[in-house]
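What follows is a set of notes on a single structure, which appears directly below.
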There are 2 protein chains.
Amino acid sequence: MKQRNPKAKLLLGPGPSNPDPRVLRALAEPTLGHLDPDFVAIMDETAELLRYVFNTKNELTIPVSGTGSAGMDAALVNSVEPGDKAIICSAGVFGDRMVDVAERAGAQVVKVQSPWGEPIDPDDVKKAIRKNPDAKVVGIIHGETSTGVLQPLDEIAAAVHEAGMRIVVDTVASLGGVDVPTDRLGLDFVYSGSQKCLSCPPGLAPITLSEKAVTFVENRKTKCQSWYFDLGMIRKYWGPERLYHHTAPINMIYALNESLRIIKEEGLEARFARHKAAQEALISGLSGLGLEPVVNEPYRLPTLTTVYVPEGVQEAEVRRQLMDEFGIEVAGGLGVFKGKIWRIGLMGTNATRANVIRLLGALKEVLK
Amino acid sequence: MKQRNPKAKLLLGPGPSNPDPRVLRALAEPTLGHLDPDFVAIMDETAELLRYVFNTKNELTIPVSGTGSAGMDAALVNSVEPGDKAIICSAGVFGDRMVDVAERAGAQVVKVQSPWGEPIDPDDVKKAIRKNPDAKVVGIIHGETSTGVLQPLDEIAAAVHEAGMRIVVDTVASLGGVDVPTDRLGLDFVYSGSQKCLSCPPGLAPITLSEKAVTFVENRKTKCQSWYFDLGMIRKYWGPERLYHHTAPINMIYALNESLRIIKEEGLEARFARHKAAQEALISGLSGLGLEPVVNEPYRLPTLTTVYVPEGVQEAEVRRQLMDEFGIEVAGGLGVFKGKIWRIGLMGTNATRANVIRLLGALKEVLK
């Protein structure tokens with residue numbers, strides 16, 4: 001068998017992004033037992049660092065042992081009891097996926113939709129809440145990776161709380177690159193993925209639950225339908241009880257720990273400004289090449305830029321050349337945007353002017 | 001913040017075991033995109049190597065993106081439809097867990113039990129099958145990590161097939177250390193974990209489904225209740241369609257790939273013999289120290305030896321000394337065995353005479 005030899009590429013798709021070399025090194029540290037006091041100290045520190053990036057004091061703040069999609073599953077199966085009505089906002093692939101996940105969790109789903117490329121209108125959510133005062137949960141995507149929209153959350157969160165419902169927020173594409181106002185808006189179930197703006201390999205799904213959410217989880221009438229994602233039990237492993245639930249993915253936790261340390265060292269504000277500046281440089285360069293962004297300000301997700309493929313250009317062929325000749329990965333569109341847009345991620349470590357220049361140079365050459 | 005510096009220890013508990021240094025190095029290889037052709041080739045090779053350790057030609061043979069417990073969740077939510085009757089065999093913590101997981105998946109569970117430390121009696125399973133001809137699934141643990149019992153499967157699998165039911169088998173503690181006769185016995189849903197006898201860090205749950213199991217999954221009347229673990233969808237990502245489901249844990253897949261290559265290089269037969277020889281050396285040494293095994297032959301799980309704590313010995317204190325003074329981790333008992341037994345794993349890379357001698361020397365010193 002030939003040796004495995006994955007060549008480093010510049011990952012400017014919607015994730016995974018390139019982890020910092022420090023993070024890759026952390027992965028290779030010696031595996032410890034999952035109840036080893038040295039490992040437990042790393043768990044505690046990781047939870048504390050996650051509270052920092054989530055802007056929260058929430059006690060129950062942990063990485064779920066799965067990829068970002070596991071975060072969505074975990075958030076929904078814990079926030080919904082069978083038969084609960086859930087208002088799910090969808091304007092892209094991940095909103096649609098949340099509808100599916102919520103239904104599998106036994107929810108009776110009411111959809112609020114917007115055209116792809118636009119944010120959800122808060123008035124539509126308010127209307128849905130008024131028409132469905134018996135709904136228990138409102139679910140929404142903060143950064144929609146399929147469209148590049150950043151969803152404003154203030155008005156929607158306020159309306160959800162006024163109605164006494166729980167709000168579930170997907171921050172897979174935003175956490176670590178854009179402000180996630182967990183405590184300021186009292187968001188109840190907020191989850192993310194390790195492989196985007198946290199610049200850690202895929203495999204962990206950070207999640208944080210408000211006090212209200214924890215109270216709900218602890219007082220459910222029915223058991224959580226997933227044993228593996230039962231946050232009531234997982235809480236007792238990450239909390240002072242250290243009650244064995246499942247074996248944590250030890251080395252992935254090292255990597256997440258290191259990636260969060262890097263974020264703390266940089267500081268969230270500086271990190272957000274860096275993402276914003278990188279996107280501005282990208283948009284300006286793309287417009288010089290005659291490429292138009294899909295999303296209008298102020299709804300552009302700084303971490304993932306979507307841009308229309310020009311008339312007459314073979315979009316998949318452009319991506320193939322970028323990959324084969326320049327070692328750069330960007331992504332095509334999904335769903336209604338298939339074949340029509342490119343998705344360019346500048347996430348975490350990758351959100352630099354140097355990477356923007358490298359991509360623009362290559363793109364200019366390929367489009368020539 | 002102090003640098004993270006987990007010191008290598010000899011992990012002789014029930015898992016994680018120590019990964020080979022080659023496996024840790026693989027973890028640190030550059031992260032690729034989850035649809036990158038170079039990564040896709042690694043996925044295909046990993047699936048092929050998994051077929052080797054599972055002794056199967058099953059097409060649907062993949063690592064689930066979660067730890068061993070995720071394998072149990074995945075196996076049950078895919079094999080059971082709500083309301084299905086399931087016969088679950090339990091003689092330890094993991095059998096009990098399977099009861100819980102099956103119930104959460106909507107199964108109506110009939111339990112078959114044995115005293116802890118003994119295997120399930122095939123006649124009891126046959127009786128349960130006769131009394132419940134409407135049951136759809138029989139679930140059983142091959143290597144029960146809480147007791148150290150290796151469960152013979154031949155008679156039980158034959159009875160299950162004769163009754164037209166599906167058999168779900170947990171091989172978390174056996175795969176890679178003991179023969180798992182997937183195709184020979186026509187086992188339908190067989191899952192494991194990466195962190196035991198495969199000597200890879202925790203984070204992946206290999207699973208394989210028979211043709212009958214795949215047909216069932218593809219023709220369910222209800223959607224799988226877990227989106228994340230829906231093997232019908234995951235199959236289309238690992239299969240030739242390469243349909244995006246969730247982002248695979250790229251670097252963990254490198255590690256699993258490397259650990260499986262190591263197994264292939266050694267060969268399964270040699271590996272099983274090595275585990276068996278290591279256990280025999282251990283049992284003989286332990287009996288020299290006056291320690292008695294919990295399980296009688298031929299039911300001893302070669303990969304995990306359970307032994308009674310002698311009268312008057314503080315079992316947790318012995319483990320603390322082994323860890324603090326000798327850097328060796330062994331585990332205590334769970335459930336009815338709490339405080340009464342030690343559990344000593346000689347798994348994968350760790351199953352060597354040198355490790356046995358090192359443990360026995362330390363244990364002799366501590367028990368003095």
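Here's how to read the names in the structure tokens: chain A, B, ... by the order shown, residue numbers from 1 in each chain, ligand numbers from 1 in the order shown.
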
Please identify every residue of chain A that has at least one atom no more than 8 Å from any atom of chain B, counting only C-alpha atoms, and report them as an MDAnalysis selection string.
chainID A and resid 4:9 11 15:19 24:25 27:34 38:39 42 65:70 73 100:101 104:105 201:203 223:228 246:252 329

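For A:Asn132, the residues within 9 Å (counting only C-alpha atoms, excluding itself and residues fewer than 5 positions away along the chain) are A:Lys85, A:Ile87, A:Val110, A:Lys127.
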
B:Ala173 surroundings by only C-alpha atoms, 7 Å radius, close-in-sequence under 4 positions cut, as a PyMOL selection string:
chain B and resi 143+145+196-197

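Non-sequential neighbours of A:Leu282 (distance at most 9 Å, separation of 4 or more positions within a chain, only C-alpha atoms) are Ala277, Ala278, Leu286, Ser287, Thr305, Arg353, Val356, Ile357, Leu359 and Leu360 of chain A.
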
Go ahead and write the selection's residues with C-alpha atoms as a PDB file, in the first residue's frame.
ATOM      1  CA  ALA A 277     -11.217  43.267   6.547  1.00  0.00           C
ATOM      2  CA  ALA A 278     -10.389  40.071   4.648  1.00  0.00           C
ATOM      3  CA  LEU A 286     -13.717  40.174  -7.042  1.00  0.00           C
ATOM      4  CA  SER A 287     -15.542  43.235  -8.295  1.00  0.00           C
ATOM      5  CA  THR A 305     -18.592  35.170   0.658  1.00  0.00           C
ATOM      6  CA  ARG A 353      -5.046  39.618   3.045  1.00  0.00           C
ATOM      7  CA  VAL A 356      -7.102  36.942  -0.607  1.00  0.00           C
ATOM      8  CA  ILE A 357      -4.293  38.091  -2.913  1.00  0.00           C
ATOM      9  CA  LEU A 359      -6.864  33.528  -4.531  1.00  0.00           C
ATOM     10  CA  LEU A 360      -7.436  36.634  -6.668  1.00  0.00           C
TER      11      LEU A 360
END

Show which residues sit within 10 Å of B:Val366, as a PDB file with C-alpha atoms, in the first residue's frame. Count only C-alpha atoms, and ignore same-chain residues fewer than 4 positions away.
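Once everything was written out, this is part00.pdb:
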ATOM      1  CA  GLU B 317      -5.816   3.426  46.320  1.00  0.00           C
ATOM      2  CA  VAL B 318      -4.012   0.694  44.361  1.00  0.00           C
ATOM      3  CA  ARG B 319      -5.122   2.272  41.097  1.00  0.00           C
ATOM      4  CA  ARG B 320      -4.018   5.696  42.305  1.00  0.00           C
ATOM      5  CA  GLN B 321      -0.548   4.375  43.124  1.00  0.00           C
ATOM      6  CA  LEU B 322      -0.253   2.542  39.821  1.00  0.00           C
ATOM      7  CA  GLU B 325       4.025   6.148  40.862  1.00  0.00           C
ATOM      8  CA  PHE B 326       4.175   3.955  37.769  1.00  0.00           C
ATOM      9  CA  LEU B 360       2.933  -7.120  37.290  1.00  0.00           C
ATOM     10  CA  GLY B 361       6.118  -5.554  38.661  1.00  0.00           C
ATOM     11  CA  ALA B 362       4.283  -2.396  39.637  1.00  0.00           C
TER      12      ALA B 362
END

When you draw a straight line from atom CA of B:Asp324 to atom CA of A:Met43, how long is it in Å?
20.0 Å

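Distances to A:Pro298 were evaluated for A:Gln151, A:Gly339, A:Arg130, A:Pro181 using only C-alpha atoms, and the minimum falls at A:Gln151.
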